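Asks: Handing over my_file38.txt, compact mmCIF, C-alpha atoms.
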# COMPACT_ATOMS: atom_id res chain seq x y z
CA MET A 1 0.00 0.00 0.00
CA ALA A 2 2.41 2.57 1.16
CA ARG A 3 4.32 3.79 -1.76
CA LYS A 4 7.89 4.62 -1.62
CA LYS A 5 8.41 8.31 -1.54
CA ARG A 6 10.22 9.47 -4.62
CA ALA A 7 12.21 12.62 -4.85
CA PRO A 8 10.16 15.06 -6.96
CA GLN A 9 11.36 15.07 -10.51
CA GLU A 10 13.00 18.23 -11.71
CA ILE A 11 11.02 20.16 -14.31
CA ASN A 12 12.86 20.48 -17.53
CA ALA A 13 13.53 24.15 -18.15
CA GLY A 14 15.00 23.67 -21.56
CA SER A 15 11.98 25.08 -23.34
CA MET A 16 11.82 28.16 -21.16
CA ALA A 17 13.92 30.08 -23.64
CA ASP A 18 11.61 29.14 -26.47
CA ILE A 19 8.57 30.32 -24.56
CA ALA A 20 10.26 33.58 -23.69
CA PHE A 21 11.31 34.08 -27.29
CA LEU A 22 7.76 33.52 -28.39
CA LEU A 23 6.48 36.16 -26.00
CA LEU A 24 9.24 38.52 -27.01
CA ILE A 25 8.40 38.22 -30.67
CA PHE A 26 4.72 38.72 -29.91
CA PHE A 27 5.48 42.01 -28.16
CA LEU A 28 7.87 43.11 -30.86
CA VAL A 29 5.17 42.69 -33.46
CA THR A 30 2.18 44.15 -31.65
CA THR A 31 3.72 47.21 -30.07
CA THR A 32 5.25 50.40 -31.31
CA MET A 33 8.02 52.40 -29.81
CA ASP A 34 7.88 55.62 -31.80
CA VAL A 35 7.41 58.79 -29.83
CA ASP A 36 5.19 61.20 -31.67
CA THR A 37 6.89 64.48 -32.35
CA GLY A 38 5.54 67.46 -34.17
CA LEU A 39 4.66 71.12 -34.26
CA LEU A 40 2.11 71.98 -31.60
CA ARG A 41 -0.40 74.66 -32.52
CA ILE A 42 -3.53 76.07 -30.96
CA LEU A 43 -6.33 76.76 -33.42
CA PRO A 44 -8.29 79.99 -33.04
CA PRO A 45 -11.67 79.40 -31.40
CA PRO A 46 -14.68 79.38 -33.71
CA VAL A 47 -16.03 82.81 -34.60
CA PRO A 48 -19.62 83.42 -33.49
CA GLU A 49 -21.79 84.26 -36.46
CA ASN A 50 -23.01 87.73 -35.62
CA GLN A 51 -19.78 89.02 -34.18
CA GLU A 52 -18.36 92.33 -35.27
CA PRO A 53 -15.22 91.96 -37.34
CA PRO A 54 -12.11 92.68 -35.29
CA PRO A 55 -10.46 96.07 -35.80
CA PRO A 56 -8.08 95.94 -38.74
CA VAL A 57 -4.40 95.49 -37.97
CA LYS A 58 -2.09 98.11 -39.44
CA LYS A 59 -0.37 96.86 -42.53
CA ARG A 60 3.09 97.68 -41.26
CA ASN A 61 2.57 95.34 -38.30
CA VAL A 62 1.72 92.38 -40.48
CA PHE A 63 4.31 90.13 -42.06
CA GLU A 64 2.49 88.57 -44.93
CA VAL A 65 3.45 85.12 -46.16
CA LEU A 66 1.56 83.60 -49.06
CA VAL A 67 2.11 80.12 -50.42
CA ASN A 68 0.52 79.36 -53.74
CA LEU A 69 -0.58 76.24 -55.50
CA TYR A 70 2.87 75.65 -56.98
CA ASP A 71 4.49 75.84 -53.53
CA GLN A 72 5.98 79.25 -54.27
CA LEU A 73 6.39 81.86 -51.59
CA LEU A 74 5.37 85.48 -51.68
CA VAL A 75 6.68 87.33 -48.65
CA GLU A 76 5.67 90.96 -48.14
CA GLY A 77 5.02 91.21 -51.86
CA ASP A 78 8.29 89.68 -53.02
CA GLN A 79 8.84 86.22 -54.33
CA MET A 80 11.28 84.38 -52.14
CA ASP A 81 12.96 81.05 -51.57
CA VAL A 82 12.16 79.16 -48.34
CA SER A 83 15.80 79.30 -47.32
CA GLN A 84 15.57 83.09 -46.90
CA LEU A 85 12.27 83.06 -45.02
CA LYS A 86 13.76 82.59 -41.56
CA GLU A 87 16.15 85.54 -41.81
CA LYS A 88 13.42 87.79 -43.21
CA THR A 89 11.02 86.81 -40.45
CA LYS A 90 13.64 87.41 -37.80
CA GLU A 91 14.41 90.84 -39.19
CA PHE A 92 10.74 91.73 -39.23
CA VAL A 93 9.94 90.43 -35.75
CA ARG A 94 12.99 92.07 -34.24
CA GLY A 95 11.99 95.33 -35.94
CA TYR A 96 13.67 98.68 -35.68
CA GLY A 97 12.03 100.00 -32.54
CA GLY A 98 9.09 101.27 -34.55
CA SER A 99 11.10 104.15 -35.99
CA ASP A 100 9.59 106.03 -38.91
CA SER A 101 12.66 105.47 -41.05
CA HIS A 102 11.55 101.87 -41.46
CA PRO A 103 7.90 102.18 -42.43
CA ASN A 104 7.59 98.50 -43.34
CA PHE A 105 8.54 97.24 -39.92
CA PRO A 106 6.16 96.90 -36.96
CA GLU A 107 5.29 99.52 -34.39
CA PHE A 108 6.36 99.16 -30.78
CA LYS A 109 4.54 99.91 -27.57
CA PRO A 110 5.80 100.03 -24.00
CA THR A 111 5.09 96.85 -22.09
CA ASP A 112 2.48 96.60 -19.36
CA ASP A 113 3.34 93.03 -18.44
CA GLU A 114 4.67 92.45 -14.95
CA GLU A 115 7.10 89.67 -15.91
CA VAL A 116 8.67 91.76 -18.63
CA ILE A 117 8.95 94.74 -16.29
CA LYS A 118 10.51 92.52 -13.63
CA TYR A 119 13.33 91.35 -15.87
CA PHE A 120 13.65 94.03 -18.53
CA GLY A 121 12.63 97.18 -16.71
CA GLU A 122 9.75 99.63 -16.95
CA GLY A 123 8.87 100.90 -20.38
CA TYR A 124 10.52 98.08 -22.34
CA MET A 125 9.34 98.38 -25.92
CA VAL A 126 7.56 95.36 -27.35
CA SER A 127 6.84 94.91 -31.02
CA LYS A 128 3.26 94.67 -32.26
CA GLN A 129 4.24 92.15 -34.92
CA VAL A 130 1.88 89.60 -36.41
CA VAL A 131 2.80 86.97 -38.97
CA SER A 132 0.01 86.19 -41.35
CA LEU A 133 0.23 82.91 -43.22
CA LYS A 134 -2.07 82.20 -46.11
CA ASN A 135 -1.97 79.12 -48.23
CA ASP A 136 -3.87 77.82 -51.19
CA LYS A 137 -5.96 74.66 -51.22
CA GLY A 138 -3.47 73.23 -53.66
CA THR A 139 -0.38 73.89 -51.54
CA SER A 140 1.34 70.67 -50.57
CA TYR A 141 1.35 69.76 -46.91
CA GLY A 142 5.12 69.28 -46.98
CA MET A 143 5.59 72.89 -48.07
CA TYR A 144 3.14 74.14 -45.47
CA ILE A 145 5.05 72.39 -42.71
CA THR A 146 8.36 73.71 -44.03
CA VAL A 147 7.01 77.26 -43.87
CA GLN A 148 5.52 76.74 -40.41
CA ASN A 149 8.82 75.30 -39.28
CA GLU A 150 10.83 78.22 -40.66
CA LEU A 151 8.53 80.70 -38.91
CA ALA A 152 8.78 78.79 -35.63
CA ALA A 153 12.55 78.62 -36.05
CA ALA A 154 12.73 82.39 -36.50
CA TYR A 155 10.87 82.95 -33.24
CA ASN A 156 12.92 80.37 -31.40
CA GLU A 157 16.19 81.90 -32.55
CA LEU A 158 15.08 85.37 -31.49
CA ARG A 159 14.04 84.07 -28.10
CA ASN A 160 17.33 82.29 -27.82
CA GLU A 161 19.29 85.44 -28.65
CA LEU A 162 17.36 87.41 -26.06
CA ALA A 163 17.88 84.73 -23.43
CA GLN A 164 21.61 84.65 -24.13
CA GLN A 165 21.83 88.41 -23.97
CA ARG A 166 19.80 88.94 -20.81
CA PHE A 167 20.23 85.75 -18.81
CA GLY A 168 23.43 84.34 -20.28
CA MET A 169 21.92 80.98 -21.06
CA SER A 170 20.10 79.49 -24.02
CA TYR A 171 16.32 79.48 -24.25
CA ASP A 172 16.32 75.68 -24.25
CA ASP A 173 18.20 75.65 -20.96
CA LEU A 174 15.72 78.12 -19.48
CA LEU A 175 12.86 75.88 -20.51
CA LYS A 176 14.41 72.87 -18.82
CA ASP A 177 14.41 74.40 -15.35
CA GLU A 178 11.09 74.92 -13.61
CA ARG A 179 12.55 77.79 -11.56
CA ASN A 180 13.01 79.89 -14.68
CA LYS A 181 9.32 79.89 -15.52
CA ASP A 182 8.98 83.65 -15.10
CA LYS A 183 11.98 84.35 -17.27
CA VAL A 184 10.54 82.14 -20.02
CA LYS A 185 7.23 83.97 -19.66
CA ALA A 186 8.94 87.34 -20.02
CA ILE A 187 10.76 86.24 -23.16
CA LYS A 188 7.58 84.80 -24.60
CA LYS A 189 5.81 88.10 -23.91
CA ILE A 190 8.49 90.02 -25.77
CA TYR A 191 8.50 87.70 -28.76
CA PRO A 192 5.02 86.17 -28.77
CA GLN A 193 4.58 83.67 -31.55
CA ARG A 194 1.69 85.27 -33.37
CA ILE A 195 1.15 83.25 -36.49
CA SER A 196 -2.29 84.01 -37.76
CA GLU A 197 -3.84 81.85 -40.41
CA ALA A 198 -6.56 83.40 -42.45
CA GLU A 199 -9.89 81.74 -42.95
CA PRO A 200 -9.36 79.39 -45.88
CA LYS A 201 -9.59 81.08 -49.22
CA ASP A 202 -8.50 80.32 -52.72
CA ILE A 203 -5.47 82.32 -53.57
CA GLY A 204 -3.13 81.84 -56.45
CA GLY A 205 -5.68 80.17 -58.69
CA GLY A 206 -6.34 76.88 -56.90
CA GLN A 207 -8.75 74.33 -58.34
CA MET B 1 53.29 28.13 -35.75
CA SER B 2 52.91 24.97 -33.80
CA LYS B 3 52.42 27.03 -30.71
CA PHE B 4 48.94 27.90 -31.80
CA LYS B 5 47.96 24.50 -33.12
CA LYS B 6 48.24 22.71 -29.83
CA LYS B 7 45.50 24.68 -28.16
CA GLY B 8 42.69 23.80 -30.51
CA ASP B 9 43.00 20.13 -29.89
CA GLY B 10 41.26 19.94 -26.52
CA ASP B 11 37.55 19.19 -26.42
CA MET B 12 35.54 22.38 -26.05
CA PRO B 13 33.03 22.21 -23.23
CA ALA B 14 29.50 22.99 -24.38
CA ILE B 15 28.38 26.53 -23.65
CA SER B 16 25.78 26.53 -20.96
CA THR B 17 22.44 27.83 -22.17
CA ALA B 18 20.95 27.91 -18.72
CA SER B 19 21.00 31.71 -18.62
CA LEU B 20 19.44 32.06 -22.05
CA PRO B 21 15.86 32.30 -20.70
CA ASP B 22 16.97 35.01 -18.30
CA ILE B 23 18.48 37.04 -21.08
CA VAL B 24 15.42 36.68 -23.25
CA PHE B 25 13.11 37.57 -20.38
CA MET B 26 15.18 40.66 -19.77
CA LEU B 27 14.70 41.68 -23.39
CA LEU B 28 11.02 40.89 -23.15
CA PHE B 29 10.51 43.10 -20.11
CA PHE B 30 12.47 45.88 -21.77
CA PHE B 31 10.16 45.83 -24.74
CA MET B 32 7.05 45.52 -22.60
CA VAL B 33 7.99 48.61 -20.65
CA THR B 34 9.22 50.85 -23.44
CA THR B 35 6.59 50.21 -26.07
CA VAL B 36 2.87 50.69 -26.36
CA MET B 37 0.29 48.57 -28.10
CA ARG B 38 -0.34 49.38 -31.71
CA GLU B 39 -3.87 50.66 -31.91
CA THR B 40 -4.66 51.07 -35.53
CA SER B 41 -3.48 49.57 -38.74
CA LEU B 42 -2.74 52.21 -41.29
CA LYS B 43 -4.83 52.38 -44.41
CA VAL B 44 -3.24 55.50 -45.80
CA GLU B 45 0.27 56.34 -46.94
CA GLN B 46 2.31 58.02 -44.25
CA LYS B 47 5.44 59.77 -45.32
CA LEU B 48 5.63 62.41 -42.65
CA PRO B 49 7.35 65.72 -43.38
CA VAL B 50 10.46 66.68 -41.47
CA ALA B 51 10.92 69.70 -39.24
CA THR B 52 13.54 70.98 -36.84
CA GLU B 53 11.49 72.88 -34.26
CA VAL B 54 9.59 69.86 -32.98
CA ALA B 55 8.23 69.12 -29.55
CA LYS B 56 7.49 65.73 -28.08
CA LEU B 57 3.93 64.79 -27.30
CA GLN B 58 3.89 64.04 -23.64
CA ARG B 59 1.03 61.76 -22.74
CA LYS B 60 0.01 59.19 -25.27
CA SER B 61 -3.32 58.54 -23.60
CA LEU B 62 -4.31 62.14 -24.28
CA VAL B 63 -3.53 62.11 -27.97
CA ALA B 64 -6.04 61.30 -30.68
CA TYR B 65 -4.76 60.63 -34.16
CA ILE B 66 -6.21 61.76 -37.44
CA TYR B 67 -4.50 60.19 -40.43
CA ILE B 68 -4.67 61.79 -43.85
CA GLY B 69 -3.09 60.50 -47.02
CA ALA B 70 -3.59 58.55 -50.19
CA PRO B 71 -4.84 54.98 -49.63
CA ILE B 72 -2.08 52.39 -49.41
CA GLN B 73 -1.14 50.39 -52.47
CA ALA B 74 -3.28 47.38 -51.57
CA LEU B 75 -6.44 49.49 -51.30
CA ARG B 76 -5.91 51.62 -54.39
CA ASP B 77 -8.12 49.45 -56.60
CA VAL B 78 -11.11 50.03 -54.37
CA TYR B 79 -10.53 53.50 -52.96
CA GLY B 80 -8.54 55.27 -55.66
CA THR B 81 -5.57 57.54 -55.09
CA GLU B 82 -7.25 60.68 -53.75
CA PRO B 83 -6.13 61.52 -50.19
CA ARG B 84 -8.53 60.31 -47.55
CA ILE B 85 -9.03 60.72 -43.85
CA GLN B 86 -8.64 57.75 -41.55
CA LEU B 87 -10.14 57.82 -38.07
CA ASP B 88 -9.42 54.82 -35.87
CA ASP B 89 -9.52 51.88 -38.26
CA ALA B 90 -11.75 53.17 -41.00
CA PHE B 91 -11.85 55.75 -43.73
CA ALA B 92 -13.98 58.74 -42.86
CA LYS B 93 -15.38 61.93 -44.28
CA THR B 94 -14.70 65.40 -42.91
CA SER B 95 -18.23 65.42 -41.52
CA ASP B 96 -17.38 62.44 -39.31
CA ILE B 97 -14.85 64.44 -37.32
CA PRO B 98 -17.28 65.97 -34.78
CA ILE B 99 -18.51 62.45 -33.93
CA PHE B 100 -14.94 61.26 -33.61
CA VAL B 101 -14.07 64.15 -31.30
CA GLU B 102 -17.11 63.45 -29.18
CA LYS B 103 -16.17 59.78 -28.93
CA VAL B 104 -12.62 60.64 -27.89
CA GLN B 105 -13.87 63.09 -25.29
CA ARG B 106 -16.30 60.56 -23.88
CA GLU B 107 -13.45 58.11 -23.37
CA THR B 108 -11.36 60.69 -21.55
CA ASN B 109 -11.54 61.79 -17.96
CA PRO B 110 -13.65 65.00 -18.03
CA VAL B 111 -10.96 66.91 -16.17
CA GLU B 112 -8.43 66.12 -18.86
CA ILE B 113 -10.52 67.04 -21.90
CA PRO B 114 -8.85 70.45 -22.33
CA LEU B 115 -5.50 68.66 -22.49
CA LEU B 116 -6.51 66.45 -25.39
CA THR B 117 -4.28 66.91 -28.40
CA TYR B 118 -5.35 65.99 -31.89
CA SER B 119 -2.34 64.85 -33.80
CA LEU B 120 -2.65 65.28 -37.55
CA LYS B 121 -0.58 62.64 -39.24
CA VAL B 122 -0.60 63.87 -42.78
CA ASP B 123 1.31 62.54 -45.72
CA ASN B 124 3.87 64.83 -47.29
CA GLU B 125 2.20 64.77 -50.69
CA THR B 126 -1.29 65.69 -49.51
CA LYS B 127 -2.73 69.01 -50.63
CA MET B 128 -3.69 71.56 -47.98
CA GLY B 129 -7.36 71.65 -49.00
CA ILE B 130 -8.31 68.53 -47.05
CA VAL B 131 -6.11 69.49 -44.11
CA THR B 132 -7.76 72.91 -43.88
CA ASP B 133 -11.19 71.27 -43.99
CA VAL B 134 -10.23 69.01 -41.09
CA LYS B 135 -8.90 71.97 -39.12
CA GLN B 136 -12.14 73.88 -39.69
CA GLU B 137 -14.17 70.91 -38.45
CA LEU B 138 -11.98 70.68 -35.36
CA ARG B 139 -12.46 74.37 -34.70
CA LYS B 140 -16.22 74.03 -34.93
CA VAL B 141 -16.27 71.49 -32.11
CA ASN B 142 -13.76 73.42 -30.03
CA ALA B 143 -10.98 70.87 -30.37
CA LEU B 144 -8.28 73.48 -30.66
CA LYS B 145 -5.09 71.81 -29.53
CA ILE B 146 -3.53 70.22 -32.56
CA ASN B 147 -0.18 68.84 -33.50
CA TYR B 148 1.24 68.57 -36.97
CA SER B 149 3.06 65.29 -36.68
CA THR B 150 6.52 65.50 -38.19
CA LYS B 151 9.76 63.66 -38.00
CA LYS B 152 12.66 65.38 -36.36
CA LYS B 153 15.34 66.46 -38.74
CA ILE B 154 18.85 66.28 -37.39
CA VAL B 155 20.57 69.54 -38.16
CA LYS B 156 24.03 69.12 -39.55
CA ASN B 157 26.42 71.78 -38.45
Written as C-alpha cells, that's how I'd like the structure from this file.
Replies:
Amino acid sequence: MARKKRAPQEINAGSMADIAFLLLIFFLVTTTMDVDTGLLRILPPPVPENQEPPPPVKKRNVFEVLVNLYDQLLVEGDQMDVSQLKEKTKEFVRGYGGSDSHPNFPEFKPTDDEEVIKYFGEGYMVSKQVVSLKNDKGTSYGMYITVQNELAAAYNELRNELAQQRFGMSYDDLLKDERNKDKVKAIKKIYPQRISEAEPKDIGGGQ
Amino acid sequence: MSKFKKKGDGDMPAISTASLPDIVFMLLFFFMVTTVMRETSLKVEQKLPVATEVAKLQRKSLVAYIYIGAPIQALRDVYGTEPRIQLDDAFAKTSDIPIFVEKVQRETNPVEIPLLTYSLKVDNETKMGIVTDVKQELRKVNALKINYSTKKKIVKN
C-alpha cells in the first residue's frame, strides 16, 4: 500500500527560452516604440456668427506670407525662396524699434506686463508684430510644414538670442528648469509667436 | 606556428544555455515597458514631413490621431488615389470628425478634456485643402489643440 516516496522530478527548463522568445516576438510585433513628435499649434476658437469683425491690424505690423498652388512663396510682396524666409522673419519680428525710417517694420509699444517689467525694466518696448500665413488649397502639406517650421525657427532663434543676452543661457536651458518659468514667460511676452492663419480662401488660382 | 595548433585540440566544453531564458526575459521586459500597443493599422500612406522645431507629445493617452493621405497600395483598386481621412480603423469623411471628437472626449476623464491633443498625421504629398477642412471641423467642435506630426530632422552643423 504505502508507496515509496520518490524525490520530486525536476522540471525540464529547456523550453523556457523558447517560450520567452515567443512572447518577445509577440510584443515586438504588436507594439510600437515611436514617440510622436511634431509642431504643436492652438487653433483659433470658432467665430460666433453675428460678431463684429475685429479692428483691422495696421499693414506695417503684419508680415504677410503667401504660399501658392505651386508651392511658391510670396513674402511681403516679393517672391522668395524658403531658405531666406527665416532671416526675413527674424528681421521683421525684431523690428527697428518702430522708428519712422523703417515704415515697413512693426510699431512698438511700452510693455504693461509684470514679468517683462521685472526682468527688462519699466517701459521696455515690445513689437506689435503679427505673422500672417495664407496658403492655397493646392499647396502641398510638406511645403506648409516647411514654412511653419521656418517661422517657428525664427521665433525660437530670437528668443534664444534674447535669453543669451539677458540671462546668459540658451532658451532651451531656461525651458528645462522649472525655476526659470517667469523668465521664459517674459521672453515669450516680448516675442510672442503670433502666427495668424486666415480663414481658408482660394489664392493663387487653386482648383 | 605549432604554438597555436596545440591549443585547438582539446575538447571544447558545451556553452551553458541555462541563462538564455533570463536574457530573453530581460529583453522581453524591456520591450514591454518601453513600447505601447499598436492601436490602428494604417490604411493611408504616411510619409511624414520633417521639421527641426519639434516638440514631443507628452502623454500618449491624451492624444487622438487623425491620419490623412492617399490609400495604401493594396487598397488603391477600391478607394482610388485621392487623399482620404482615416479615423481609428476606417476611412472617414470630414463630416465624421465631430462624432470622432465626441467619442474621444467621452473616453477621456472630463478633467483632462482640455488637455486632449489631436495629432494630424498627414502625408507629405497631400494638398492643404483637405487638411484645412479638417482643421475647420476641429475648430467648430472646439478641439483646438492640434499637433502637426513630423519627423525630427537632425541639423548638420
Asks: Around (-10.8, 62.4, -33.0), as given in the file, which residues come within 7 Å? Count all atoms listed in the file and list them as number ranges by chain.
Replies: B: 64-66, 87, 97, 100-101, 104, 118
Asks: Write out as JSON, numbers by chain each polymer residue whose atoms come within 8 Å of Asn124 of chain B, counting only C-alpha atoms; drop sequence neighbours fewer than 4 positions from it.
Replies: {"A": [140, 141, 142], "B": [46, 47, 48, 49]}
Asks: Taking only C-alpha atoms into account and nothing else, which residues of chain B lie no more than 7 Å away from chain A? Please answer as a PyMOL selection string.
Replies: chain B and resi 20-21+24-25+28+31-32+34-38+49+51-57+124-129+132+139-140+142+144-151
Asks: What is the distance between atom CA of Gly80 of chain B and atom CA of Lys103 of chain B, in Å to one decimal?
Replies: 28.2 Å
Asks: Point out the residue among B:Gln86, B:Thr40, B:Gln136, B:Ser61 with the least atom-to-atom distance to Gln105 of chain B, counting all atoms listed in the file.
Replies: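 Distance minimum relative to Gln105 of chain B lands on B:Ser61.
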Asks: Atom CA of Thr117 of chain B and atom CA of Ser196 of chain A are how many Å apart?
Replies: 19.6 Å
Asks: For atom CA of Tyr155 of chain A and atom CA of Asp133 of chain B, quote the distance in Å rounded to one decimal.
Replies: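 Atom CA of Asp133 of chain B lies at a distance of 27.2 Å from atom CA of Tyr155 of chain A.
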Asks: Identify, on the basis of all atoms listed in the file, every residue whose closest approach to segment 107-123 of chain A does not exceed 12 Å; exclude the query and any residue fewer than 5 positions from it along the same chain; express the result as number ranges by chain.
Replies: A: 57-62, 92-102, 128-130, 162-163, 165-167, 180-191
Asks: Some atoms are absent from segment 128-152 of chain A, so rebuild N, CA and C atoms and return them as an mmCIF file, in the frame of the given file.
Replies:
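Dumped everything to rebuild-v4.cif:
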data_model
loop_
_atom_site.group_PDB
_atom_site.id
_atom_site.type_symbol
_atom_site.label_atom_id
_atom_site.label_comp_id
_atom_site.auth_asym_id
_atom_site.auth_seq_id
_atom_site.Cartn_x
_atom_site.Cartn_y
_atom_site.Cartn_z
ATOM 1 N N LYS A 128 4.664 95.069 -32.050
ATOM 2 C CA LYS A 128 3.260 94.670 -32.260
ATOM 3 C C LYS A 128 3.142 93.711 -33.433
ATOM 4 N N GLN A 129 4.199 92.967 -33.707
ATOM 5 C CA GLN A 129 4.240 92.150 -34.920
ATOM 6 C C GLN A 129 3.195 91.029 -34.958
ATOM 7 N N VAL A 130 2.744 90.757 -36.143
ATOM 8 C CA VAL A 130 1.880 89.600 -36.410
ATOM 9 C C VAL A 130 2.374 88.964 -37.703
ATOM 10 N N VAL A 131 2.467 87.648 -37.721
ATOM 11 C CA VAL A 131 2.800 86.970 -38.970
ATOM 12 C C VAL A 131 1.516 86.381 -39.528
ATOM 13 N N SER A 132 1.224 86.718 -40.748
ATOM 14 C CA SER A 132 0.010 86.190 -41.350
ATOM 15 C C SER A 132 0.390 85.182 -42.423
ATOM 16 N N LEU A 133 -0.104 83.977 -42.271
ATOM 17 C CA LEU A 133 0.230 82.910 -43.220
ATOM 18 C C LEU A 133 -1.019 82.507 -43.978
ATOM 19 N N LYS A 134 -0.933 82.628 -45.301
ATOM 20 C CA LYS A 134 -2.070 82.200 -46.110
ATOM 21 C C LYS A 134 -1.587 81.153 -47.094
ATOM 22 N N ASN A 135 -2.365 80.118 -47.246
ATOM 23 C CA ASN A 135 -1.970 79.120 -48.230
ATOM 24 C C ASN A 135 -3.154 78.763 -49.108
ATOM 25 N N ASP A 136 -2.833 78.217 -50.243
ATOM 26 C CA ASP A 136 -3.870 77.820 -51.190
ATOM 27 C C ASP A 136 -4.310 76.393 -50.893
ATOM 28 N N LYS A 137 -5.490 76.042 -51.384
ATOM 29 C CA LYS A 137 -5.960 74.660 -51.220
ATOM 30 C C LYS A 137 -5.012 73.670 -51.882
ATOM 31 N N GLY A 138 -4.331 74.135 -52.917
ATOM 32 C CA GLY A 138 -3.470 73.230 -53.660
ATOM 33 C C GLY A 138 -2.041 73.159 -53.146
ATOM 34 N N THR A 139 -1.723 73.944 -52.110
ATOM 35 C CA THR A 139 -0.380 73.890 -51.540
ATOM 36 C C THR A 139 -0.125 72.504 -50.963
ATOM 37 N N SER A 140 1.074 72.001 -51.130
ATOM 38 C CA SER A 140 1.340 70.670 -50.570
ATOM 39 C C SER A 140 1.598 70.801 -49.072
ATOM 40 N N TYR A 141 1.210 69.758 -48.367
ATOM 41 C CA TYR A 141 1.350 69.760 -46.910
ATOM 42 C C TYR A 141 2.815 69.871 -46.505
ATOM 43 N N GLY A 142 3.687 69.223 -47.277
ATOM 44 C CA GLY A 142 5.120 69.280 -46.980
ATOM 45 C C GLY A 142 5.624 70.720 -46.973
ATOM 46 N N MET A 143 5.169 71.490 -47.977
ATOM 47 C CA MET A 143 5.590 72.890 -48.070
ATOM 48 C C MET A 143 5.035 73.689 -46.898
ATOM 49 N N TYR A 144 3.788 73.442 -46.566
ATOM 50 C CA TYR A 144 3.140 74.140 -45.470
ATOM 51 C C TYR A 144 3.918 73.946 -44.167
ATOM 52 N N ILE A 145 4.296 72.685 -43.925
ATOM 53 C CA ILE A 145 5.050 72.390 -42.710
ATOM 54 C C ILE A 145 6.422 73.058 -42.753
ATOM 55 N N THR A 146 7.053 73.049 -43.915
ATOM 56 C CA THR A 146 8.360 73.710 -44.030
ATOM 57 C C THR A 146 8.240 75.181 -43.659
ATOM 58 N N VAL A 147 7.192 75.837 -44.175
ATOM 59 C CA VAL A 147 7.010 77.260 -43.870
ATOM 60 C C VAL A 147 6.734 77.453 -42.378
ATOM 61 N N GLN A 148 5.819 76.656 -41.844
ATOM 62 C CA GLN A 148 5.520 76.740 -40.410
ATOM 63 C C GLN A 148 6.781 76.550 -39.583
ATOM 64 N N ASN A 149 7.588 75.605 -40.020
ATOM 65 C CA ASN A 149 8.820 75.300 -39.280
ATOM 66 C C ASN A 149 9.791 76.467 -39.347
ATOM 67 N N GLU A 150 9.926 77.083 -40.517
ATOM 68 C CA GLU A 150 10.830 78.220 -40.660
ATOM 69 C C GLU A 150 10.380 79.381 -39.766
ATOM 70 N N LEU A 151 9.055 79.617 -39.736
ATOM 71 C CA LEU A 151 8.530 80.700 -38.910
ATOM 72 C C LEU A 151 8.806 80.416 -37.429
ATOM 73 N N ALA A 152 8.544 79.167 -37.028
ATOM 74 C CA ALA A 152 8.780 78.790 -35.630
ATOM 75 C C ALA A 152 10.265 78.925 -35.304
#
